[in-house]
>>> print(open('my_file31.pdb').read())   # PDB, C-alpha atoms
ATOM      1  CA  MET J 834    -142.516 107.096  63.364
ATOM      2  CA  ALA J 835    -143.263 103.386  63.662
ATOM      3  CA  SER J 836    -143.910 101.470  60.473
ATOM      4  CA  ILE J 837    -147.272  99.846  59.865
ATOM      5  CA  ASP J 838    -147.158  96.130  59.084
ATOM      6  CA  TYR J 839    -150.823  95.229  59.607
ATOM      7  CA  PHE J 840    -154.202  96.867  59.199
ATOM      8  CA  GLU J 841    -157.868  95.863  59.172
ATOM      9  CA  ARG J 842    -160.546  97.408  56.979
ATOM     10  CA  LYS J 843    -164.119  97.062  55.782
ATOM     11  CA  LEU J 844    -164.719  97.561  52.073
ATOM     12  CA  ASP J 845    -167.315 100.145  51.175
ATOM     13  CA  ASP J 846    -170.353  99.321  49.003
ATOM     14  CA  LYS J 847    -168.292  99.940  45.842
ATOM     15  CA  ARG J 848    -165.606  97.397  46.913
ATOM     16  CA  ARG J 849    -163.109 100.141  47.719
ATOM     17  CA  LEU J 850    -160.272  99.572  50.159
ATOM     18  CA  THR J 851    -159.037 102.630  52.045
ATOM     19  CA  ILE J 852    -155.265 102.586  52.474
ATOM     20  CA  PRO J 853    -154.123 104.016  55.831
ATOM     21  CA  THR J 854    -152.856 107.583  55.567
ATOM     22  CA  GLU J 855    -149.413 106.537  56.811
ATOM     23  CA  LEU J 856    -149.008 104.144  53.856
ATOM     24  CA  ARG J 857    -150.279 106.254  50.975
ATOM     25  CA  ASN J 858    -146.845 107.502  49.933
ATOM     26  CA  GLU J 859    -145.808 103.865  49.499
ATOM     27  CA  PHE J 860    -148.510 103.566  46.815
ATOM     28  CA  ALA J 861    -147.865 106.916  45.122
ATOM     29  CA  SER J 862    -146.678 105.082  41.981
ATOM     30  CA  GLY J 863    -149.995 103.212  41.783
ATOM     31  CA  VAL J 864    -151.390  99.888  42.984
ATOM     32  CA  VAL J 865    -151.240  96.384  41.512
ATOM     33  CA  LEU J 866    -153.589  93.696  42.860
ATOM     34  CA  THR J 867    -153.129  90.032  41.971
ATOM     35  CA  ARG J 868    -153.991  86.586  43.202
ATOM     36  CA  GLY J 869    -151.570  85.363  45.850
ATOM     37  CA  PHE J 870    -149.711  82.079  46.183
ATOM     38  CA  ASN J 871    -152.738  80.659  48.025
ATOM     39  CA  GLN J 872    -156.327  81.843  48.602
ATOM     40  CA  TYR J 873    -155.411  85.459  49.331
ATOM     41  CA  LEU J 874    -154.454  88.539  47.359
ATOM     42  CA  HIS J 875    -151.204  90.407  46.867
ATOM     43  CA  LEU J 876    -151.208  94.196  46.980
ATOM     44  CA  TYR J 877    -148.100  95.749  45.421
ATOM     45  CA  PRO J 878    -146.977  99.325  45.041
ATOM     46  CA  LYS J 879    -146.714  99.714  41.240
ATOM     47  CA  GLN J 880    -143.026 100.558  41.586
ATOM     48  CA  VAL J 881    -142.374  97.233  43.363
ATOM     49  CA  TRP J 882    -144.344  95.335  40.715
ATOM     50  CA  ASP J 883    -142.449  97.009  37.869
ATOM     51  CA  HIS J 884    -138.954  96.628  39.333
ATOM     52  CA  GLU J 885    -139.097  93.376  41.276
ATOM     53  CA  VAL J 886    -142.004  91.207  40.147
ATOM     54  CA  GLU J 887    -141.807  91.889  36.409
ATOM     55  CA  SER J 888    -138.090  91.104  36.359
ATOM     56  CA  ALA J 889    -138.680  87.870  38.309
ATOM     57  CA  LEU J 890    -141.423  86.841  35.862
ATOM     58  CA  GLY J 891    -139.184  87.502  32.871
ATOM     59  CA  GLY J 892    -137.134  84.311  32.924
ATOM     60  CA  SER J 893    -136.815  81.805  30.115
ATOM     61  CA  ILE J 894    -139.978  81.252  28.081
ATOM     62  CA  LEU J 895    -139.220  77.530  28.249
ATOM     63  CA  ASP J 896    -139.094  77.418  32.054
ATOM     64  CA  GLU J 897    -142.378  75.894  33.222
ATOM     65  CA  LYS J 898    -142.041  77.268  36.765
ATOM     66  CA  ILE J 899    -141.687  80.811  35.399
ATOM     67  CA  ALA J 900    -144.654  80.213  33.089
ATOM     68  CA  ASP J 901    -146.758  78.963  36.012
ATOM     69  CA  LEU J 902    -145.863  82.046  38.071
ATOM     70  CA  ASN J 903    -146.781  84.307  35.158
ATOM     71  CA  VAL J 904    -150.188  82.664  34.880
ATOM     72  CA  LYS J 905    -150.714  82.779  38.647
ATOM     73  CA  PHE J 906    -149.910  86.454  39.068
ATOM     74  CA  ARG J 907    -151.244  87.839  35.788
ATOM     75  CA  ARG J 908    -154.615  86.066  35.938
ATOM     76  CA  GLY J 909    -157.004  88.726  37.161
ATOM     77  CA  LYS J 910    -154.226  91.294  37.760
ATOM     78  CA  THR J 911    -155.500  94.838  38.063
ATOM     79  CA  GLU J 912    -153.680  98.161  38.187
ATOM     80  CA  ALA J 913    -155.097 101.372  39.598
ATOM     81  CA  GLU J 914    -154.268 104.697  41.187
ATOM     82  CA  LEU J 915    -155.342 105.612  44.700
ATOM     83  CA  ASP J 916    -158.045 108.252  44.636
ATOM     84  CA  GLN J 917    -156.521 111.524  45.774
ATOM     85  CA  LYS J 918    -158.948 112.501  48.518
ATOM     86  CA  GLN J 919    -159.412 109.322  50.532
ATOM     87  CA  GLY J 920    -156.655 106.972  49.374
ATOM     88  CA  ARG J 921    -158.997 104.253  48.124
ATOM     89  CA  VAL J 922    -158.567 101.542  45.524
ATOM     90  CA  THR J 923    -161.318  99.349  44.097
ATOM     91  CA  ILE J 924    -160.849  95.588  44.382
ATOM     92  CA  GLU J 925    -162.472  93.703  41.518
ATOM     93  CA  GLN J 926    -165.163  91.208  42.512
ATOM     94  CA  HIS J 927    -163.377  88.226  40.921
ATOM     95  CA  LEU J 928    -160.356  88.858  43.176
ATOM     96  CA  LEU J 929    -162.539  89.124  46.268
ATOM     97  CA  ASP J 930    -164.246  85.863  45.307
ATOM     98  CA  TYR J 931    -160.887  84.138  44.815
ATOM     99  CA  ALA J 932    -159.714  85.166  48.291
ATOM    100  CA  GLY J 933    -163.077  84.552  49.990
ATOM    101  CA  ILE J 934    -163.306  88.179  51.109
ATOM    102  CA  LYS J 935    -166.830  89.426  51.745
ATOM    103  CA  LYS J 936    -166.627  92.849  53.389
ATOM    104  CA  GLU J 937    -163.935  92.755  56.065
ATOM    105  CA  LEU J 938    -160.277  92.084  55.405
ATOM    106  CA  VAL J 939    -156.852  92.198  56.968
ATOM    107  CA  ALA J 940    -153.660  93.332  55.283
ATOM    108  CA  ILE J 941    -150.275  92.033  56.413
ATOM    109  CA  ARG J 942    -146.945  93.265  55.117
ATOM    110  CA  ALA J 943    -144.884  90.516  53.505
ATOM    111  CA  GLY J 944    -141.660  92.336  52.721
ATOM    112  CA  ALA J 945    -142.204  94.742  49.804
ATOM    113  CA  TYR J 946    -145.867  93.796  49.258
ATOM    114  CA  TRP J 947    -149.036  93.101  51.273
ATOM    115  CA  ARG J 948    -151.172  89.998  51.700
ATOM    116  CA  ILE J 949    -154.889  90.747  51.727
ATOM    117  CA  LEU J 950    -157.123  88.093  53.266
ATOM    118  CA  PRO J 951    -160.311  87.505  55.220
ATOM    119  CA  PRO J 952    -159.997  88.140  58.963
ATOM    120  CA  ASP J 953    -160.621  84.488  59.819
ATOM    121  CA  SER J 954    -157.923  83.120  57.493
ATOM    122  CA  ASP J 955    -155.102  80.970  58.888
ATOM    123  CA  VAL J 956    -152.630  81.941  56.150
TER     124      VAL J 956
END
>>> encode(input="my_file31.pdb", output="C-alpha cells")
Amino acid sequence: MASIDYFERKLDDKRRLTIPTELRNEFASGVVLTRGFNQYLHLYPKQVWDHEVESALGGSILDEKIADLNVKFRRGKTEAELDQKQGRVTIEQHLLDYAGIKKELVAIRAGAYWRILPPDSDV
C-alpha cells in the first residue's frame, strides 16, 4: 500500500479535522498540535512528540535557543485522542487563527510529523 504524504480537508462546524482512515493507526497514541516554525501548525503523533520532540526540547536550561524552541512549541500546545468512530480531532481556535486557517486546510508530511496550513499558503 502506498503511503500518504498529503491530504486536504474541510473542518466541520466544531473545528474538527478528520484524519484519513489510512493514517489513523499512526495517531493511535494520541495527537499533539502545536504552532509551527512559521505561520502553520505541526501535527504530531503523541508517540513522536514524547520520544523525539520532548527529548530535543530538554537541553540545557541556560541555552537560549532551546528555551526559544520550548516557548514556540509549547505555546498553545494541545493534546487529544482521535474520536473512535470517525477519526477526528478538534483544533483549538487560537491555533487556527495563528495559522490563518478558516475552514479548508492541507496537511503535508514533514518526516515524522505533519504541517497543517491553509490551501493558499506558500510554505
>>> closest_residue(input="my_file31.pdb", among="J:Gly933, J:Lys910, J:Ala945, J:His927", to="Asn871 in chain J", atoms="all atoms listed in the file")
J:Gly933
>>> closest_residue(input="my_file31.pdb", among="J:Thr854, J:Thr923, J:Asn903, J:Thr911", to="Lys879 in chain J", atoms="all atoms listed in the file")
J:Thr911
>>> residues_around(input="my_file31.pdb", residues="Pro951 in chain J", least_positions_apart="3", cutoff="6 Å", atoms="only C-alpha atoms", output="MDAnalysis selection string")
chainID J and resid 934 938 954
>>> resolve_selection(input="my_file31.pdb", expression="the PyMOL selection byres ((chain J and resi 858-862) around 9)", output="ChimeraX atom specification")
/J:852,854-857,863-864,877-880,914-915
>>> resolve_selection(input="my_file31.pdb", expression="the PyMOL selection byres ((chain J and resi 889) around 12)", output="ChimeraX atom specification")
/J:881-888,890-893,898-900,902-903,906
>>> resolve_selection(input="my_file31.pdb", expression="the PyMOL selection byres ((chain J and resi 869) around 9)", output="ChimeraX atom specification")
/J:867-868,870-876,905-906,932,948-949
>>> atom_distance(input="my_file31.pdb", atom1="CA of Asp845 in chain J", atom2="CA of Asp955 in chain J")
24.0 Å
>>> atom_distance(input="my_file31.pdb", atom1="CA of Asp838 in chain J", atom2="CA of Val939 in chain J")
10.7 Å
>>> atom_distance(input="my_file31.pdb", atom1="CA of Gln917 in chain J", atom2="CA of Pro952 in chain J")
27.1 Å
>>> closest_residue(input="my_file31.pdb", among="J:Arg842, J:Lys847, J:Glu925, J:Leu866", to="Glu912 in chain J", atoms="all atoms listed in the file")
J:Leu866
>>> closest_residue(input="my_file31.pdb", among="J:Leu850, J:Val904, J:Ala913, J:Ile837", to="Val865 in chain J", atoms="only C-alpha atoms")
J:Ala913
>>> closest_residue(input="my_file31.pdb", among="J:Val922, J:Tyr839, J:Pro853, J:Leu844", to="Tyr946 in chain J", atoms="only C-alpha atoms")
J:Tyr839
>>> closest_residue(input="my_file31.pdb", among="J:Arg921, J:Ala940, J:Asp901, J:Trp947", to="Glu841 in chain J", atoms="all atoms listed in the file")
J:Ala940
>>> axis_aligned_box(input="my_file31.pdb", around="range 918-935 of chain J", padding_each_side="4 Å", output="JSON")
{"center_x": -161.7, "center_y": 98.3, "center_z": 46.3, "size_x": 18.2, "size_y": 36.4, "size_z": 18.8}
